[in-house]
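S.K.: Structure supplied as work19.csv; contents: CSV, C-alpha atoms.
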chain,number,residue,atom,x,y,z
H,1,MET,CA,-37.7,-135.8,99.0
H,2,ALA,CA,-38.0,-133.1,96.5
H,3,GLU,CA,-35.0,-131.0,95.5
H,4,ILE,CA,-34.6,-127.7,97.4
H,5,PHE,CA,-35.3,-125.5,94.3
H,6,ASP,CA,-38.5,-127.4,93.6
H,7,ILE,CA,-39.6,-126.8,97.2
H,8,ILE,CA,-38.6,-123.1,97.1
H,9,ASN,CA,-40.4,-122.6,93.7
H,10,ASN,CA,-43.5,-124.8,94.4
H,11,ARG,CA,-44.2,-123.5,98.0
H,12,THR,CA,-47.4,-121.5,98.1
H,13,SER,CA,-49.7,-119.9,100.7
H,14,TYR,CA,-52.4,-122.4,101.3
H,15,ARG,CA,-55.6,-121.1,103.0
H,16,GLY,CA,-57.9,-124.1,102.4
H,17,ALA,CA,-59.0,-127.0,104.5
H,18,TYR,CA,-56.7,-129.6,106.0
H,19,LYS,CA,-57.1,-133.4,106.2
H,20,ASP,CA,-57.8,-134.8,109.7
H,21,THR,CA,-54.4,-136.4,109.9
H,22,LYS,CA,-52.2,-136.0,113.0
H,23,ILE,CA,-48.7,-134.7,112.3
H,24,PRO,CA,-46.0,-136.9,113.9
H,25,ARG,CA,-44.1,-135.1,116.6
H,26,GLU,CA,-40.8,-135.9,114.9
H,27,HIS,CA,-41.9,-133.9,111.9
H,28,LEU,CA,-43.0,-131.0,114.0
H,29,VAL,CA,-39.6,-131.0,115.8
H,30,GLN,CA,-37.8,-131.1,112.5
H,31,ILE,CA,-39.8,-128.1,111.2
H,32,MET,CA,-39.1,-126.1,114.4
H,33,GLU,CA,-35.4,-127.0,114.3
H,34,ALA,CA,-35.4,-125.6,110.7
H,35,GLY,CA,-36.9,-122.4,112.0
H,36,LEU,CA,-34.3,-122.1,114.8
H,37,ALA,CA,-31.5,-122.8,112.3
H,38,ALA,CA,-32.1,-119.5,110.6
H,39,PRO,CA,-29.5,-116.8,111.2
H,40,SER,CA,-30.3,-113.8,113.5
H,41,GLY,CA,-28.8,-110.4,113.7
H,42,CYS,CA,-25.7,-110.6,115.9
H,43,ASN,CA,-26.8,-114.1,116.8
H,44,LYS,CA,-29.4,-112.7,119.3
H,45,GLN,CA,-31.8,-115.6,118.6
H,46,THR,CA,-34.8,-113.4,119.2
H,47,THR,CA,-37.3,-116.0,117.9
H,48,SER,CA,-39.0,-118.7,119.9
H,49,LEU,CA,-41.7,-121.2,119.0
H,50,ILE,CA,-44.7,-122.9,120.5
H,51,CYS,CA,-46.2,-125.8,118.5
H,52,VAL,CA,-49.8,-126.6,119.4
H,53,ASP,CA,-51.0,-130.1,118.6
H,54,ASP,CA,-53.1,-130.9,121.6
H,55,PRO,CA,-56.7,-131.0,120.3
H,56,ILE,CA,-58.0,-129.3,123.4
H,57,VAL,CA,-55.5,-126.4,123.3
H,58,LEU,CA,-55.9,-126.2,119.5
H,59,ASP,CA,-59.7,-125.8,119.8
H,60,LYS,CA,-59.3,-123.2,122.4
H,61,LEU,CA,-57.0,-121.1,120.2
H,62,LYS,CA,-59.1,-121.6,117.1
H,63,GLY,CA,-62.2,-120.4,118.9
H,64,MET,CA,-60.4,-117.1,119.7
H,65,ILE,CA,-59.5,-116.3,116.1
H,66,ASP,CA,-62.2,-114.1,114.4
H,67,PRO,CA,-62.6,-114.1,111.5
H,68,PRO,CA,-61.5,-117.8,111.7
H,69,ILE,CA,-58.4,-119.2,110.0
H,70,CYS,CA,-56.6,-122.5,110.4
H,71,GLU,CA,-59.9,-124.1,111.5
H,72,THR,CA,-59.0,-127.6,110.3
H,73,ALA,CA,-55.2,-127.5,110.9
H,74,PRO,CA,-54.1,-130.5,113.0
H,75,ALA,CA,-51.1,-128.4,114.3
H,76,ILE,CA,-50.2,-124.7,114.5
H,77,ILE,CA,-46.8,-123.3,115.1
H,78,CYS,CA,-46.9,-120.0,117.0
H,79,VAL,CA,-44.0,-117.7,116.4
H,80,LEU,CA,-42.8,-115.5,119.3
H,81,THR,CA,-40.3,-112.6,119.1
H,82,GLN,CA,-38.3,-110.6,121.7
H,83,LYS,CA,-37.1,-107.1,121.1
H,84,ILE,CA,-33.5,-107.7,121.9
H,85,PHE,CA,-31.0,-105.0,120.7
H,86,ALA,CA,-28.3,-106.3,118.4
H,87,TYR,CA,-26.2,-103.3,119.0
H,88,ARG,CA,-26.9,-99.7,120.2
H,89,ASP,CA,-30.6,-99.1,119.3
H,90,LYS,CA,-30.6,-101.6,116.4
H,91,CYS,CA,-32.9,-104.5,116.6
H,92,PHE,CA,-33.3,-107.1,113.9
H,93,ASN,CA,-36.1,-109.2,115.4
H,94,VAL,CA,-38.5,-108.8,112.5
H,95,GLN,CA,-35.7,-110.0,110.1
H,96,ASP,CA,-34.9,-112.8,112.5
H,97,TYR,CA,-38.4,-114.2,112.8
H,98,SER,CA,-39.1,-113.8,109.1
H,99,ALA,CA,-36.0,-115.9,108.2
H,100,ALA,CA,-37.1,-118.5,110.7
H,101,ILE,CA,-40.7,-118.5,109.3
H,102,GLN,CA,-39.3,-118.9,105.7
H,103,ASN,CA,-37.2,-121.9,106.8
H,104,MET,CA,-40.2,-123.5,108.4
H,105,LEU,CA,-42.4,-122.9,105.4
H,106,LEU,CA,-39.8,-124.8,103.3
H,107,ALA,CA,-39.5,-127.5,105.9
H,108,ILE,CA,-43.3,-127.9,106.0
H,109,LYS,CA,-43.4,-128.2,102.2
H,110,ALA,CA,-40.5,-130.6,102.1
H,111,LEU,CA,-42.3,-133.0,104.5
H,112,GLY,CA,-45.4,-133.0,102.3
H,113,TYR,CA,-47.5,-130.5,104.2
H,114,GLU,CA,-48.9,-127.1,103.5
H,115,SER,CA,-49.0,-123.8,105.4
H,116,CYS,CA,-49.6,-120.1,105.2
H,117,TRP,CA,-47.8,-117.1,106.9
H,118,TYR,CA,-50.6,-115.6,109.0
H,119,GLU,CA,-49.2,-112.4,110.5
H,120,GLY,CA,-51.4,-109.4,109.9
H,121,HIS,CA,-54.4,-111.4,110.9
H,122,ILE,CA,-53.1,-111.8,114.5
H,123,THR,CA,-51.1,-108.6,114.9
H,124,ASP,CA,-53.8,-106.2,113.9
H,125,ASP,CA,-55.4,-103.7,116.3
H,126,ASP,CA,-57.7,-106.4,117.9
H,127,ASP,CA,-54.4,-108.1,119.0
H,128,ILE,CA,-55.6,-111.7,118.5
H,129,GLY,CA,-51.9,-112.8,118.9
H,130,GLY,CA,-51.8,-111.2,122.4
H,131,GLN,CA,-54.9,-113.2,123.4
H,132,LEU,CA,-53.5,-116.4,122.1
H,133,ALA,CA,-50.2,-115.8,123.9
H,134,LYS,CA,-52.0,-115.4,127.2
H,135,VAL,CA,-53.7,-118.8,126.8
H,136,LEU,CA,-50.2,-120.3,126.2
H,137,GLY,CA,-48.6,-118.6,129.2
H,138,VAL,CA,-46.3,-116.5,127.1
H,139,PRO,CA,-44.5,-113.8,129.2
H,140,ASP,CA,-45.0,-110.1,128.5
H,141,ASP,CA,-41.6,-109.6,126.9
H,142,TYR,CA,-42.4,-112.0,124.1
H,143,LYS,CA,-44.8,-111.0,121.3
H,144,MET,CA,-46.7,-113.5,119.2
H,145,VAL,CA,-46.4,-112.3,115.6
H,146,CYS,CA,-47.4,-115.2,113.4
H,147,ILE,CA,-49.1,-118.5,113.3
H,148,LEU,CA,-48.3,-121.3,110.8
H,149,PRO,CA,-50.8,-124.1,110.3
H,150,VAL,CA,-49.3,-127.5,109.5
H,151,GLY,CA,-51.3,-130.2,107.7
H,152,ILE,CA,-52.0,-132.2,104.6
H,153,ALA,CA,-54.0,-130.1,102.2
H,154,ASP,CA,-57.6,-131.2,101.6
H,155,GLY,CA,-58.1,-128.7,98.7
H,156,GLN,CA,-56.4,-127.2,95.6
H,157,LEU,CA,-53.2,-125.3,95.8
H,158,THR,CA,-53.1,-122.0,94.0
H,159,HIS,CA,-50.1,-119.9,93.2
H,160,ALA,CA,-50.1,-116.1,93.6
H,161,LYS,CA,-49.5,-114.3,90.3
H,162,LYS,CA,-46.1,-112.6,90.4
H,163,LYS,CA,-44.3,-110.0,88.3
H,164,SER,CA,-41.7,-111.4,85.9
H,165,PHE,CA,-38.0,-111.8,86.8
H,166,GLU,CA,-37.1,-108.8,84.5
H,167,GLU,CA,-39.4,-106.5,86.5
H,168,ARG,CA,-37.7,-107.3,89.8
H,169,ALA,CA,-34.1,-108.4,89.2
H,170,TRP,CA,-31.2,-107.0,87.2
H,171,PHE,CA,-27.5,-107.3,86.7
H,172,ASN,CA,-25.0,-104.5,87.5
H,173,LYS,CA,-27.4,-101.6,87.5
H,174,PHE,CA,-31.0,-100.9,88.3
H,175,GLY,CA,-33.5,-101.7,85.5
H,176,ASN,CA,-32.8,-103.2,82.1
F,1,MET,CA,-27.4,-131.9,95.6
F,2,ALA,CA,-27.7,-132.0,99.4
F,3,GLU,CA,-31.0,-132.6,101.0
F,4,ILE,CA,-32.9,-129.5,102.1
F,5,PHE,CA,-32.6,-130.1,105.8
F,6,ASP,CA,-28.9,-130.5,105.5
F,7,ILE,CA,-28.7,-127.2,103.7
F,8,ILE,CA,-30.9,-125.5,106.3
F,9,ASN,CA,-28.9,-126.9,109.2
F,10,ASN,CA,-25.4,-126.5,107.7
F,11,ARG,CA,-25.9,-123.0,106.3
F,12,THR,CA,-23.7,-120.6,108.2
F,13,SER,CA,-22.7,-116.9,108.0
F,14,TYR,CA,-19.4,-116.8,106.2
F,15,ARG,CA,-17.2,-113.7,106.6
F,16,GLY,CA,-13.9,-115.1,105.3
F,17,ALA,CA,-12.2,-114.8,101.9
F,18,TYR,CA,-13.6,-116.1,98.6
F,19,LYS,CA,-11.8,-118.0,95.8
F,20,ASP,CA,-11.2,-116.0,92.6
F,21,THR,CA,-13.8,-118.1,90.7
F,22,LYS,CA,-16.4,-116.5,88.6
F,23,ILE,CA,-20.0,-117.5,89.3
F,24,PRO,CA,-22.0,-118.7,86.3
F,25,ARG,CA,-24.8,-116.4,85.4
F,26,GLU,CA,-27.2,-119.3,85.4
F,27,HIS,CA,-26.4,-119.9,89.1
F,28,LEU,CA,-26.9,-116.2,90.0
F,29,VAL,CA,-30.2,-116.2,88.2
F,30,GLN,CA,-31.3,-119.4,90.0
F,31,ILE,CA,-30.4,-117.7,93.4
F,32,MET,CA,-32.3,-114.6,92.5
F,33,GLU,CA,-35.3,-116.6,91.3
F,34,ALA,CA,-35.3,-118.4,94.7
F,35,GLY,CA,-35.4,-115.0,96.4
F,36,LEU,CA,-38.3,-113.7,94.3
F,37,ALA,CA,-40.2,-117.0,95.0
F,38,ALA,CA,-40.5,-116.1,98.7
F,39,PRO,CA,-44.0,-115.0,99.8
F,40,SER,CA,-44.8,-111.3,100.5
F,41,GLY,CA,-47.5,-109.7,102.6
F,42,CYS,CA,-50.6,-109.5,100.4
F,43,ASN,CA,-48.4,-110.4,97.5
F,44,LYS,CA,-47.1,-106.9,97.2
F,45,GLN,CA,-43.7,-108.1,96.0
F,46,THR,CA,-41.8,-105.3,97.7
F,47,THR,CA,-38.4,-106.9,97.1
F,48,SER,CA,-36.1,-106.3,94.1
F,49,LEU,CA,-32.6,-107.4,93.4
F,50,ILE,CA,-29.4,-106.3,91.6
F,51,CYS,CA,-26.7,-108.8,91.2
F,52,VAL,CA,-23.3,-107.2,90.6
F,53,ASP,CA,-20.7,-109.5,88.9
F,54,ASP,CA,-19.0,-107.0,86.6
F,55,PRO,CA,-15.5,-106.6,88.0
F,56,ILE,CA,-15.4,-102.9,87.4
F,57,VAL,CA,-18.7,-102.2,89.1
F,58,LEU,CA,-17.8,-104.7,91.9
F,59,ASP,CA,-14.6,-102.8,92.6
F,60,LYS,CA,-16.3,-99.5,92.7
F,61,LEU,CA,-18.9,-100.8,95.2
F,62,LYS,CA,-16.2,-102.5,97.4
F,63,GLY,CA,-14.2,-99.4,97.5
F,64,MET,CA,-17.1,-97.5,99.1
F,65,ILE,CA,-17.7,-100.0,101.9
F,66,ASP,CA,-15.8,-98.9,105.0
F,67,PRO,CA,-14.9,-100.9,107.1
F,68,PRO,CA,-14.6,-103.3,104.2
F,69,ILE,CA,-16.6,-106.5,103.7
F,70,CYS,CA,-17.1,-108.8,100.8
F,71,GLU,CA,-13.6,-107.7,99.5
F,72,THR,CA,-12.9,-110.9,97.6
F,73,ALA,CA,-16.5,-111.9,96.6
F,74,PRO,CA,-16.8,-112.5,92.8
F,75,ALA,CA,-20.5,-111.5,93.0
F,76,ILE,CA,-22.7,-109.5,95.3
F,77,ILE,CA,-26.5,-109.5,95.4
F,78,CYS,CA,-27.9,-106.2,96.5
F,79,VAL,CA,-31.4,-106.4,98.1
F,80,LEU,CA,-33.8,-103.5,97.5
F,81,THR,CA,-37.1,-102.8,99.3
F,82,GLN,CA,-40.1,-100.6,98.6
F,83,LYS,CA,-42.4,-99.4,101.4
F,84,ILE,CA,-45.6,-100.5,99.7
F,85,PHE,CA,-48.6,-100.7,102.1
F,86,ALA,CA,-50.2,-104.2,102.2
F,87,TYR,CA,-53.4,-102.7,103.7
F,88,ARG,CA,-54.3,-99.5,105.6
F,89,ASP,CA,-51.0,-98.4,107.2
F,90,LYS,CA,-49.6,-101.9,107.4
F,91,CYS,CA,-46.4,-102.6,105.5
F,92,PHE,CA,-44.6,-106.0,105.6
F,93,ASN,CA,-41.6,-105.1,103.5
F,94,VAL,CA,-39.1,-106.1,106.2
F,95,GLN,CA,-40.7,-109.5,106.4
F,96,ASP,CA,-40.8,-109.7,102.6
F,97,TYR,CA,-37.1,-109.0,102.0
F,98,SER,CA,-36.1,-111.2,105.0
F,99,ALA,CA,-37.9,-114.2,103.6
F,100,ALA,CA,-36.3,-113.5,100.1
F,101,ILE,CA,-32.9,-113.3,101.7
F,102,GLN,CA,-33.3,-116.5,103.6
F,103,ASN,CA,-34.4,-118.3,100.4
F,104,MET,CA,-31.3,-116.9,98.6
F,105,LEU,CA,-29.0,-117.9,101.5
F,106,LEU,CA,-30.3,-121.5,101.1
F,107,ALA,CA,-30.0,-121.4,97.3
F,108,ILE,CA,-26.4,-120.1,97.5
F,109,LYS,CA,-25.5,-122.9,99.9
F,110,ALA,CA,-27.3,-125.5,97.8
F,111,LEU,CA,-25.2,-124.5,94.8
F,112,GLY,CA,-21.9,-125.0,96.7
F,113,TYR,CA,-21.3,-121.3,97.6
F,114,GLU,CA,-21.2,-119.4,100.9
F,115,SER,CA,-22.6,-116.0,101.9
F,116,CYS,CA,-23.5,-113.7,104.8
F,117,TRP,CA,-26.5,-111.5,105.5
F,118,TYR,CA,-24.9,-108.0,105.7
F,119,GLU,CA,-27.6,-105.6,106.7
F,120,GLY,CA,-26.6,-103.5,109.7
F,121,HIS,CA,-23.3,-102.7,108.1
F,122,ILE,CA,-24.9,-100.9,105.1
F,123,THR,CA,-28.0,-99.5,106.8
F,124,ASP,CA,-26.3,-97.8,109.7
F,125,ASP,CA,-26.1,-94.0,110.2
F,126,ASP,CA,-23.4,-93.6,107.6
F,127,ASP,CA,-25.9,-95.0,105.0
F,128,ILE,CA,-23.4,-97.0,102.9
F,129,GLY,CA,-26.4,-98.7,101.2
F,130,GLY,CA,-27.7,-95.4,100.0
F,131,GLN,CA,-24.4,-94.6,98.4
F,132,LEU,CA,-24.1,-98.0,96.7
F,133,ALA,CA,-27.7,-97.6,95.5
F,134,LYS,CA,-26.8,-94.2,93.8
F,135,VAL,CA,-23.9,-95.9,91.9
F,136,LEU,CA,-26.3,-98.6,90.6
F,137,GLY,CA,-28.9,-96.0,89.6
F,138,VAL,CA,-31.5,-97.1,92.1
F,139,PRO,CA,-34.5,-94.7,92.3
F,140,ASP,CA,-35.3,-92.9,95.6
F,141,ASP,CA,-38.4,-95.0,96.4
F,142,TYR,CA,-36.2,-98.1,96.7
F,143,LYS,CA,-33.9,-98.6,99.7
F,144,MET,CA,-30.9,-100.9,99.6
F,145,VAL,CA,-31.1,-102.9,102.9
F,146,CYS,CA,-28.7,-105.8,102.5
F,147,ILE,CA,-25.8,-107.2,100.4
F,148,LEU,CA,-25.1,-110.9,100.0
F,149,PRO,CA,-21.7,-112.0,98.7
F,150,VAL,CA,-21.7,-115.1,96.6
F,151,GLY,CA,-18.6,-117.2,96.2
F,152,ILE,CA,-16.6,-120.3,96.9
F,153,ALA,CA,-15.2,-120.1,100.4
F,154,ASP,CA,-11.4,-119.9,100.6
F,155,GLY,CA,-11.4,-120.3,104.4
F,156,GLN,CA,-12.9,-122.3,107.3
F,157,LEU,CA,-16.6,-122.2,108.0
F,158,THR,CA,-17.7,-121.6,111.6
F,159,HIS,CA,-21.0,-122.1,113.1
F,160,ALA,CA,-22.5,-119.6,115.6
F,161,LYS,CA,-23.2,-121.2,119.0
F,162,LYS,CA,-26.9,-121.4,119.6
F,163,LYS,CA,-29.2,-122.0,122.5
F,164,SER,CA,-30.7,-125.5,122.8
F,165,PHE,CA,-34.0,-126.4,121.2
F,166,GLU,CA,-35.5,-126.7,124.7
F,167,GLU,CA,-34.7,-123.1,125.5
F,168,ARG,CA,-36.5,-121.8,122.4
F,169,ALA,CA,-39.2,-124.2,121.4
F,170,TRP,CA,-42.1,-125.9,123.3
F,171,PHE,CA,-45.3,-127.8,122.8
F,172,ASN,CA,-48.7,-126.6,123.8
F,173,LYS,CA,-47.6,-124.0,126.3
F,174,PHE,CA,-44.7,-121.6,126.9
F,175,GLY,CA,-41.7,-123.2,128.6
F,176,ASN,CA,-41.1,-126.7,129.7
Written as structure tokens, how would this file's structure read?

M.R.:
Amino acid sequence: MAEIFDIINNRTSYRGAYKDTKIPREHLVQIMEAGLAAPSGCNKQTTSLICVDDPIVLDKLKGMIDPPICETAPAIICVLTQKIFAYRDKCFNVQDYSAAIQNMLLAIKALGYESCWYEGHITDDDDIGGQLAKVLGVPDDYKMVCILPVGIADGQLTHAKKKSFEERAWFNKFGN
Amino acid sequence: MAEIFDIINNRTSYRGAYKDTKIPREHLVQIMEAGLAAPSGCNKQTTSLICVDDPIVLDKLKGMIDPPICETAPAIICVLTQKIFAYRDKCFNVQDYSAAIQNMLLAIKALGYESCWYEGHITDDDDIGGQLAKVLGVPDDYKMVCILPVGIADGQLTHAKKKSFEERAWFNKFGN
């Protein structure tokens, strides 16, 4: 298995097609366990997950996503969040699920698969996430905020162009 | 170096004392690079970092944190965020910095150090983060949202008790 820094630095957002290769359940469990191992504000564990790998359920979900994404993914992990207060009126559920997603993206890459963090696509005003959640029987106090495809890439990986280290990171004071 | 799943599953929030051992700059750079390698919504790269390892600056910052945290940490990474819109009125900066923090927590662990995600402590109503940001010359359009100590633990690690997998993760529908 690749070294953790290689995984962190080579992970990329893959939006292409996937090979028609089923993902072993043990890998999907390992990926979800990685997600649940992320820290959460005051340990409130506001993040839950549903992995869809049943072809019938997958097709149903994919048919509801317009414009389509994840069309060829053999598995999709749906990320759910609950607005549980950590203390007073403070809620860290966005931080919680983001850390869980990042762990899963790394776990997916480590096992030889690709993925992409699809959030805005399903949380926009047309509330695709809410419709998907209904199909999966998700109670009203959970919100589906992200879907992660899991599969072997059947296309080229591309890396987003990023600013240099010197433009975003410094020592002991802001700027160089 | 430990395997990525060991790092993900053994990482814990460490709030104890640190050994008085300076952290090599190359390690700090590697940790910050890991943070900046995280994805960001529409690649807006809303996260920036300041690592403080100068003892004089460190002491100044530590003296401003009440109640005290990170008192013995030989280095502290300060996480800054900018509210840059990804599209329309949508901003994913919380997701962005959370993914960056999670990458850094894993990188810190991978290099043999410990850390803790301190966010609520510095973003609460007394705005400690804002005061720290002033000392570091951070412009007003950046907000300091988190500090991460980096150091070798001089105490016992503890693991937060978590719900079981079956209570938080399922296949193909919500619940078992």

S.K.: Output, as a compact mmCIF listing (two decimals) with C-alpha atoms, keeping the file's coordinate frame, the coordinates of chain F following least-squares superposition onto chain H across all in-order C-alpha pairs.

M.R.:
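Written file, result.txt:
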# COMPACT_ATOMS: atom_id res chain seq x y z
CA MET F 1 -37.65 -135.87 99.02
CA ALA F 2 -37.98 -133.08 96.44
CA GLU F 3 -35.02 -131.05 95.49
CA ILE F 4 -34.63 -127.73 97.31
CA PHE F 5 -35.31 -125.53 94.33
CA ASP F 6 -38.48 -127.37 93.62
CA ILE F 7 -39.59 -126.81 97.17
CA ILE F 8 -38.66 -123.12 97.02
CA ASN F 9 -40.45 -122.60 93.72
CA ASN F 10 -43.54 -124.75 94.42
CA ARG F 11 -44.16 -123.52 97.97
CA THR F 12 -47.38 -121.58 98.04
CA SER F 13 -49.64 -119.93 100.67
CA TYR F 14 -52.38 -122.40 101.40
CA ARG F 15 -55.62 -121.12 102.98
CA GLY F 16 -57.88 -124.11 102.29
CA ALA F 17 -58.97 -127.01 104.51
CA TYR F 18 -56.64 -129.63 106.03
CA LYS F 19 -57.10 -133.43 106.24
CA ASP F 20 -57.85 -134.78 109.74
CA THR F 21 -54.37 -136.41 109.94
CA LYS F 22 -52.24 -136.01 112.95
CA ILE F 23 -48.71 -134.75 112.37
CA PRO F 24 -45.92 -136.86 113.87
CA ARG F 25 -44.08 -135.12 116.60
CA GLU F 26 -40.81 -135.92 114.92
CA HIS F 27 -41.94 -133.90 111.86
CA LEU F 28 -43.02 -130.90 114.01
CA VAL F 29 -39.70 -130.97 115.78
CA GLN F 30 -37.81 -131.13 112.45
CA ILE F 31 -39.84 -128.03 111.23
CA MET F 32 -39.12 -126.15 114.39
CA GLU F 33 -35.43 -127.06 114.27
CA ALA F 34 -35.33 -125.67 110.68
CA GLY F 35 -36.80 -122.42 112.00
CA LEU F 36 -34.29 -122.09 114.85
CA ALA F 37 -31.44 -122.80 112.32
CA ALA F 38 -32.13 -119.50 110.53
CA PRO F 39 -29.54 -116.76 111.18
CA SER F 40 -30.31 -113.79 113.50
CA GLY F 41 -28.80 -110.33 113.70
CA CYS F 42 -25.68 -110.64 115.85
CA ASN F 43 -26.85 -114.08 116.78
CA LYS F 44 -29.30 -112.73 119.28
CA GLN F 45 -31.75 -115.57 118.65
CA THR F 46 -34.81 -113.42 119.20
CA THR F 47 -37.21 -116.05 117.87
CA SER F 48 -39.03 -118.72 119.93
CA LEU F 49 -41.69 -121.18 119.02
CA ILE F 50 -44.71 -123.03 120.48
CA CYS F 51 -46.17 -125.79 118.49
CA VAL F 52 -49.77 -126.55 119.47
CA ASP F 53 -50.99 -130.09 118.52
CA ASP F 54 -53.08 -130.92 121.58
CA PRO F 55 -56.66 -130.99 120.33
CA ILE F 56 -58.04 -129.29 123.38
CA VAL F 57 -55.58 -126.43 123.30
CA LEU F 58 -55.94 -126.21 119.46
CA ASP F 59 -59.68 -125.79 119.81
CA LYS F 60 -59.38 -123.15 122.41
CA LEU F 61 -56.95 -121.14 120.23
CA LYS F 62 -59.15 -121.56 117.07
CA GLY F 63 -62.15 -120.42 118.89
CA MET F 64 -60.49 -117.08 119.68
CA ILE F 65 -59.48 -116.30 116.09
CA ASP F 66 -62.15 -114.14 114.48
CA PRO F 67 -62.58 -114.13 111.47
CA PRO F 68 -61.47 -117.73 111.64
CA ILE F 69 -58.36 -119.22 110.02
CA CYS F 70 -56.55 -122.46 110.40
CA GLU F 71 -59.94 -124.06 111.47
CA THR F 72 -59.06 -127.57 110.33
CA ALA F 73 -55.23 -127.53 110.89
CA PRO F 74 -54.09 -130.50 113.07
CA ALA F 75 -51.12 -128.39 114.28
CA ILE F 76 -50.25 -124.74 114.55
CA ILE F 77 -46.80 -123.25 115.13
CA CYS F 78 -46.95 -120.00 117.00
CA VAL F 79 -43.95 -117.66 116.37
CA LEU F 80 -42.75 -115.50 119.27
CA THR F 81 -40.30 -112.56 119.12
CA GLN F 82 -38.27 -110.65 121.69
CA LYS F 83 -37.10 -107.08 121.05
CA ILE F 84 -33.48 -107.75 121.95
CA PHE F 85 -31.08 -105.02 120.70
CA ALA F 86 -28.33 -106.39 118.38
CA TYR F 87 -26.22 -103.24 119.00
CA ARG F 88 -26.92 -99.66 120.17
CA ASP F 89 -30.61 -99.10 119.33
CA LYS F 90 -30.62 -101.53 116.44
CA CYS F 91 -32.95 -104.50 116.67
CA PHE F 92 -33.34 -107.09 113.85
CA ASN F 93 -36.05 -109.20 115.40
CA VAL F 94 -38.42 -108.78 112.44
CA GLN F 95 -35.72 -110.02 110.13
CA ASP F 96 -34.91 -112.84 112.56
CA TYR F 97 -38.45 -114.24 112.84
CA SER F 98 -39.04 -113.74 109.07
CA ALA F 99 -36.04 -115.83 108.16
CA ALA F 100 -37.17 -118.54 110.75
CA ILE F 101 -40.62 -118.54 109.24
CA GLN F 102 -39.38 -118.90 105.72
CA ASN F 103 -37.16 -121.84 106.77
CA MET F 104 -40.20 -123.48 108.46
CA LEU F 105 -42.42 -122.84 105.40
CA LEU F 106 -39.82 -124.75 103.30
CA ALA F 107 -39.49 -127.53 105.88
CA ILE F 108 -43.29 -127.97 106.07
CA LYS F 109 -43.47 -128.22 102.28
CA ALA F 110 -40.50 -130.58 102.13
CA LEU F 111 -42.28 -132.94 104.51
CA GLY F 112 -45.43 -133.10 102.31
CA TYR F 113 -47.51 -130.51 104.27
CA GLU F 114 -48.87 -127.06 103.40
CA SER F 115 -49.03 -123.83 105.41
CA CYS F 116 -49.57 -120.06 105.27
CA TRP F 117 -47.77 -117.15 106.89
CA TYR F 118 -50.57 -115.55 109.00
CA GLU F 119 -49.18 -112.42 110.51
CA GLY F 120 -51.38 -109.41 109.83
CA HIS F 121 -54.42 -111.32 110.93
CA ILE F 122 -53.12 -111.83 114.51
CA THR F 123 -51.11 -108.63 114.90
CA ASP F 124 -53.79 -106.18 113.89
CA ASP F 125 -55.47 -103.68 116.25
CA ASP F 126 -57.64 -106.32 117.83
CA ASP F 127 -54.40 -108.08 119.00
CA ILE F 128 -55.58 -111.69 118.55
CA GLY F 129 -51.92 -112.79 118.98
CA GLY F 130 -51.76 -111.24 122.38
CA GLN F 131 -54.80 -113.16 123.47
CA LEU F 132 -53.51 -116.48 122.12
CA ALA F 133 -50.17 -115.76 123.83
CA LYS F 134 -51.98 -115.33 127.27
CA VAL F 135 -53.66 -118.78 126.83
CA LEU F 136 -50.25 -120.40 126.17
CA GLY F 137 -48.68 -118.63 129.15
CA VAL F 138 -46.32 -116.50 127.12
CA PRO F 139 -44.51 -113.83 129.22
CA ASP F 140 -45.02 -110.10 128.43
CA ASP F 141 -41.54 -109.60 126.91
CA TYR F 142 -42.44 -112.02 124.10
CA LYS F 143 -44.86 -111.01 121.33
CA MET F 144 -46.72 -113.55 119.23
CA VAL F 145 -46.35 -112.27 115.61
CA CYS F 146 -47.39 -115.15 113.38
CA ILE F 147 -49.15 -118.56 113.30
CA LEU F 148 -48.34 -121.28 110.78
CA PRO F 149 -50.81 -124.13 110.29
CA VAL F 150 -49.29 -127.45 109.47
CA GLY F 151 -51.27 -130.13 107.70
CA ILE F 152 -52.05 -132.19 104.66
CA ALA F 153 -53.99 -130.07 102.21
CA ASP F 154 -57.57 -131.23 101.58
CA GLY F 155 -58.06 -128.73 98.73
CA GLN F 156 -56.44 -127.25 95.59
CA LEU F 157 -53.22 -125.31 95.82
CA THR F 158 -53.06 -121.96 94.02
CA HIS F 159 -50.11 -119.94 93.21
CA ALA F 160 -50.10 -116.11 93.58
CA LYS F 161 -49.45 -114.34 90.26
CA LYS F 162 -46.10 -112.64 90.34
CA LYS F 163 -44.27 -110.05 88.34
CA SER F 164 -41.64 -111.32 85.88
CA PHE F 165 -38.03 -111.76 86.87
CA GLU F 166 -37.14 -108.86 84.55
CA GLU F 167 -39.35 -106.48 86.47
CA ARG F 168 -37.67 -107.27 89.79
CA ALA F 169 -34.14 -108.39 89.20
CA TRP F 170 -31.18 -106.93 87.19
CA PHE F 171 -27.47 -107.21 86.70
CA ASN F 172 -24.99 -104.51 87.47
CA LYS F 173 -27.39 -101.60 87.47
CA PHE F 174 -31.03 -100.85 88.30
CA GLY F 175 -33.46 -101.69 85.50
CA ASN F 176 -32.88 -103.17 82.13

S.K.: Just to confirm, what's the straight-line distance from CA of Cys70 (chain H) to CA of Arg15 (chain H) in Å (one decimal)?

M.R.: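 Computing it gives 7.6 Å between the two atoms.
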
S.K.: Could you tell me how far CA of Lys22 (chain H) lies from CA of His159 (chain H), in Å and to one decimal?

M.R.: 25.6 Å

S.K.: What is the CA of Asp140 (chain H)-CA of Lys62 (chain H) distance in Å, reported with one decimal?

M.R.: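 CA of Lys62 (chain H) lies 21.5 Å from CA of Asp140 (chain H).
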